[in-house]
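One structure below.
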Protein chains: 2
Amino acid sequence: MTATEPMLRLCHALSDGTRLEILQRLRHGERCVCDLAEALDAGQSRLSFHLKTLKDAGLVLDRREGRWVYYSINPEALVELSACLESLAPHPERSGGACCA
Amino acid sequence: MTATEPMLRLCHALSDGTRLEILQRLRHGERCVCDLAEALDAGQSRLSFHLKTLKDAGLVLDRREGRWVYYSINPEALVELSACLESLAPHPERSGGACCA
DNA sequence: AGGACATATCAATGAATCTTGATGGAGGAT
DNA sequence: ATCCTCCATCAAGATTCATTGATATGTCCT
């Protein structure tokens, strides 16, 4: 019984180049949108869209401080996805059973 | 230097419910398309499309035997994606450096 | 050769997603 | 109060993706 819904959200969030770049920047610590916009050479609206997608998937956390909003990676999401991945690894037991013979 | 292209393909392939269901069936051993079609109650054309997507991403392997084509999970792909995931985990060093201060 | 079956591919439609530019709201500075 | 900055949200267009039905390819059997 793998929970497929969270895995779908997580994988979808990771299946975009812009979002992957965002996460790679966030590895080094939290960043505000304006900093990411400059680093990725992307419009502010576009970044906001992708950050919302990442946040809805649970992959990033946000924190407001004055005018700025700081985003950071949510390590729990990576752990969760890692667990989902393991749940896809082939069974040791009962493996290799053919079907259409 | 994370290779983002393979990760994009892998994550995109995993970001679809039908494809996830396919992989869950394949955990128990290789299956032919007709068996998956029956198990998932999906049209043959649809399954073929998703199997191609999974194959292009490297997540499954196929093997022809007579009229049937057997698909199976490629465990290396899971390992590769797992490594990509780890490469997204926050750095221990230089973490927490603020930007827009 | 011809027929039946398993699978792949193609074309067309529809749905979901991404991008862009404009608007709005919230917080600080003067 | 006014302006300015940072960010979110909306609407419209463009692109990508999934589904369906029809057609093609390949294999086996007779």
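A note on labels: chains of the structure tokens are A, B, ... as shown, every chain counts residues from 1, and ligands are counted from 1 in their shown order.
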
(request) Do a neighbour search on Leu81 of chain B at 12 Å with only C-alpha atoms (C1' of nucleotides), toss out local chain neighbours closer than 2 positions, and write the hits as number ranges by chain. (result) A: 11, 14-15, 78, 81-82, 84-86, 88-89; B: 2-14, 57-59, 74-79, 83-88

I need the chosen residues saved as a short mmCIF file (atom, residue, chain, number, x, y, z; two decimals), in the first residue's frame, with C-alpha atoms.
data_model
loop_
_atom_site.label_atom_id
_atom_site.label_comp_id
_atom_site.auth_asym_id
_atom_site.auth_seq_id
_atom_site.Cartn_x
_atom_site.Cartn_y
_atom_site.Cartn_z
CA CYS A 11 7.66 13.87 -8.53
CA LEU A 14 10.69 17.78 -9.35
CA SER A 15 9.96 17.27 -13.03
CA LEU A 78 13.29 14.34 0.46
CA LEU A 81 10.26 10.65 -1.47
CA SER A 82 13.23 8.44 -0.81
CA CYS A 84 8.48 6.09 -1.79
CA LEU A 85 11.29 5.21 -4.15
CA GLU A 86 12.30 2.26 -2.05
CA LEU A 88 9.14 0.69 -5.89
CA ALA A 89 12.19 -1.52 -5.71
CA THR B 2 24.13 17.34 -10.81
CA ALA B 3 23.05 15.96 -14.15
CA THR B 4 19.61 17.48 -14.27
CA GLU B 5 18.39 16.02 -17.55
CA PRO B 6 18.19 12.39 -16.44
CA MET B 7 16.58 13.48 -13.21
CA LEU B 8 13.98 15.45 -15.11
CA ARG B 9 13.14 12.46 -17.25
CA LEU B 10 12.96 10.16 -14.26
CA CYS B 11 10.78 12.48 -12.21
CA HIS B 12 8.49 13.21 -15.11
CA ALA B 13 8.07 9.51 -15.73
CA LEU B 14 7.13 9.03 -12.09
CA ALA B 57 13.35 7.41 -18.87
CA GLY B 58 15.27 4.21 -18.24
CA LEU B 59 12.91 3.04 -15.53
CA ASN B 74 15.30 -1.35 -14.02
CA PRO B 75 16.69 -1.17 -10.48
CA GLU B 76 19.62 0.97 -11.61
CA ALA B 77 17.25 3.78 -12.44
CA LEU B 78 15.94 3.80 -8.89
CA VAL B 79 19.47 3.92 -7.56
CA ALA B 83 21.51 9.56 -5.78
CA CYS B 84 20.02 12.61 -7.47
CA LEU B 85 17.74 13.08 -4.50
CA GLU B 86 20.65 13.01 -2.10
CA SER B 87 22.34 15.64 -4.20
CA LEU B 88 19.44 17.92 -3.31
#

Chain A residues within 10 Å of chain D, counting only C-alpha atoms (C1' of nucleotides): which ones, as a PDB file with N, CA and C atoms, in the first residue's frame?
ATOM      1  N   CYS A  32      15.728  34.402  -0.676  1.00  0.00           N
ATOM      2  CA  CYS A  32      14.497  35.117  -0.965  1.00  0.00           C
ATOM      3  C   CYS A  32      14.250  35.091  -2.473  1.00  0.00           C
ATOM      4  N   VAL A  33      13.029  35.465  -2.845  1.00  0.00           N
ATOM      5  CA  VAL A  33      12.649  35.357  -4.249  1.00  0.00           C
ATOM      6  C   VAL A  33      13.509  36.250  -5.128  1.00  0.00           C
ATOM      7  N   CYS A  34      13.796  37.447  -4.652  1.00  0.00           N
ATOM      8  CA  CYS A  34      14.540  38.363  -5.499  1.00  0.00           C
ATOM      9  C   CYS A  34      15.929  37.831  -5.797  1.00  0.00           C
ATOM     10  N   GLN A  44       9.975  37.470 -11.996  1.00  0.00           N
ATOM     11  CA  GLN A  44       9.499  37.292 -10.625  1.00  0.00           C
ATOM     12  C   GLN A  44       8.216  36.471 -10.595  1.00  0.00           C
ATOM     13  N   SER A  45       7.346  36.698 -11.555  1.00  0.00           N
ATOM     14  CA  SER A  45       6.081  35.993 -11.591  1.00  0.00           C
ATOM     15  C   SER A  45       6.305  34.495 -11.821  1.00  0.00           C
ATOM     16  N   SER A  48       7.609  32.905  -8.644  1.00  0.00           N
ATOM     17  CA  SER A  48       6.565  32.780  -7.644  1.00  0.00           C
ATOM     18  C   SER A  48       5.688  31.562  -7.948  1.00  0.00           C
ATOM     19  N   PHE A  49       5.413  31.370  -9.233  1.00  0.00           N
ATOM     20  CA  PHE A  49       4.614  30.223  -9.638  1.00  0.00           C
ATOM     21  C   PHE A  49       5.292  28.912  -9.243  1.00  0.00           C
ATOM     22  N   LYS A  52       5.486  28.311  -5.503  1.00  0.00           N
ATOM     23  CA  LYS A  52       4.194  27.841  -4.976  1.00  0.00           C
ATOM     24  C   LYS A  52       4.028  26.349  -5.252  1.00  0.00           C
ATOM     25  N   GLY A  66       9.970  40.782   7.311  1.00  0.00           N
ATOM     26  CA  GLY A  66       9.828  42.102   6.717  1.00  0.00           C
ATOM     27  C   GLY A  66       9.235  41.998   5.327  1.00  0.00           C
ATOM     28  N   ARG A  67       9.851  42.650   4.370  1.00  0.00           N
ATOM     29  CA  ARG A  67       9.315  42.570   3.014  1.00  0.00           C
ATOM     30  C   ARG A  67       9.668  41.268   2.334  1.00  0.00           C
ATOM     31  N   TRP A  68      10.674  40.609   2.832  1.00  0.00           N
ATOM     32  CA  TRP A  68      11.195  39.435   2.128  1.00  0.00           C
ATOM     33  C   TRP A  68      10.541  38.148   2.594  1.00  0.00           C
ATOM     34  N   VAL A  69      10.482  37.222   1.689  1.00  0.00           N
ATOM     35  CA  VAL A  69      10.044  35.872   2.022  1.00  0.00           C
ATOM     36  C   VAL A  69      11.199  34.939   1.707  1.00  0.00           C
TER      37      VAL A  69
END

(message) To test your reading of the structure, identify every residue in chain A that backbone DSSP assigns to strand (DSSP E), and report it as a ChimeraX atom specification.
(response) /A:31-32,60-65,68-73

For those residues, write N, CA and C atoms to a file as a PDB file, in the first residue's frame.
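Result went into selection15.pdb, see below:
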ATOM      1  N   ARG A  31      16.875  31.323   0.700  1.00  0.00           N
ATOM      2  CA  ARG A  31      17.015  32.421  -0.238  1.00  0.00           C
ATOM      3  C   ARG A  31      15.672  33.122  -0.393  1.00  0.00           C
ATOM      4  N   CYS A  32      15.728  34.402  -0.676  1.00  0.00           N
ATOM      5  CA  CYS A  32      14.497  35.117  -0.965  1.00  0.00           C
ATOM      6  C   CYS A  32      14.250  35.091  -2.473  1.00  0.00           C
ATOM      7  N   VAL A  60       9.472  22.734  -0.124  1.00  0.00           N
ATOM      8  CA  VAL A  60      10.133  23.909   0.440  1.00  0.00           C
ATOM      9  C   VAL A  60       9.270  24.504   1.543  1.00  0.00           C
ATOM     10  N   LEU A  61       9.916  25.240   2.415  1.00  0.00           N
ATOM     11  CA  LEU A  61       9.252  25.971   3.475  1.00  0.00           C
ATOM     12  C   LEU A  61       9.478  27.454   3.235  1.00  0.00           C
ATOM     13  N   ASP A  62       8.549  28.277   3.686  1.00  0.00           N
ATOM     14  CA  ASP A  62       8.749  29.714   3.500  1.00  0.00           C
ATOM     15  C   ASP A  62       8.614  30.425   4.840  1.00  0.00           C
ATOM     16  N   ARG A  63       9.284  31.550   4.915  1.00  0.00           N
ATOM     17  CA  ARG A  63       9.345  32.301   6.165  1.00  0.00           C
ATOM     18  C   ARG A  63       9.405  33.777   5.812  1.00  0.00           C
ATOM     19  N   ARG A  64       8.465  34.526   6.347  1.00  0.00           N
ATOM     20  CA  ARG A  64       8.429  35.961   6.035  1.00  0.00           C
ATOM     21  C   ARG A  64       9.279  36.730   7.028  1.00  0.00           C
ATOM     22  N   GLU A  65      10.032  37.698   6.509  1.00  0.00           N
ATOM     23  CA  GLU A  65      10.814  38.563   7.392  1.00  0.00           C
ATOM     24  C   GLU A  65      10.809  39.952   6.771  1.00  0.00           C
ATOM     25  N   TRP A  68      10.674  40.609   2.832  1.00  0.00           N
ATOM     26  CA  TRP A  68      11.195  39.435   2.128  1.00  0.00           C
ATOM     27  C   TRP A  68      10.541  38.148   2.594  1.00  0.00           C
ATOM     28  N   VAL A  69      10.482  37.222   1.689  1.00  0.00           N
ATOM     29  CA  VAL A  69      10.044  35.872   2.022  1.00  0.00           C
ATOM     30  C   VAL A  69      11.199  34.939   1.707  1.00  0.00           C
ATOM     31  N   TYR A  70      11.619  34.211   2.699  1.00  0.00           N
ATOM     32  CA  TYR A  70      12.749  33.309   2.531  1.00  0.00           C
ATOM     33  C   TYR A  70      12.254  31.884   2.317  1.00  0.00           C
ATOM     34  N   TYR A  71      12.797  31.257   1.299  1.00  0.00           N
ATOM     35  CA  TYR A  71      12.446  29.861   1.026  1.00  0.00           C
ATOM     36  C   TYR A  71      13.616  28.962   1.376  1.00  0.00           C
ATOM     37  N   SER A  72      13.274  27.754   1.837  1.00  0.00           N
ATOM     38  CA  SER A  72      14.318  26.785   2.171  1.00  0.00           C
ATOM     39  C   SER A  72      13.807  25.378   1.867  1.00  0.00           C
ATOM     40  N   ILE A  73      14.722  24.473   1.690  1.00  0.00           N
ATOM     41  CA  ILE A  73      14.358  23.090   1.412  1.00  0.00           C
ATOM     42  C   ILE A  73      13.775  22.439   2.659  1.00  0.00           C
TER      43      ILE A  73
END

Could I get the residues of chain C with an atom no further than 8 Å from an atom of chain A, each paired with its nearest atom pair and that distance in Å to one decimal, using only C-alpha atoms (C1' of nucleotides), sorted by chain and residue number, as a tab-separated table?
residue	atom	partner	partner_atom	distance
C:DT19	C1'	A:Arg46	CA	6.9
C:DA26	C1'	A:Arg67	CA	7.7
C:DG27	C1'	A:Arg67	CA	5.3
C:DG28	C1'	A:Arg67	CA	7.5

(request) Write out as JSON, numbers by chain all residues of chain A that backbone DSSP assigns to helix (DSSP H, G or I). (result) {"A": [4, 5, 6, 7, 8, 9, 10, 11, 12, 13, 14, 17, 18, 19, 20, 21, 22, 23, 24, 25, 26, 33, 34, 35, 36, 37, 38, 39, 40, 44, 45, 46, 47, 48, 49, 50, 51, 52, 53, 54, 55, 56, 75, 76, 77, 78, 79, 80, 81, 82, 83, 84, 85, 86]}

(request) Check the smallest atom-to-atom distance from each of B:Thr18, B:Leu23, B:Lys55, B:Ala42 to chain A using only C-alpha atoms, then report the winner. (result)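 Among B:Thr18, B:Leu23, B:Lys55, B:Ala42, it is B:Leu23 that comes nearest to chain A.
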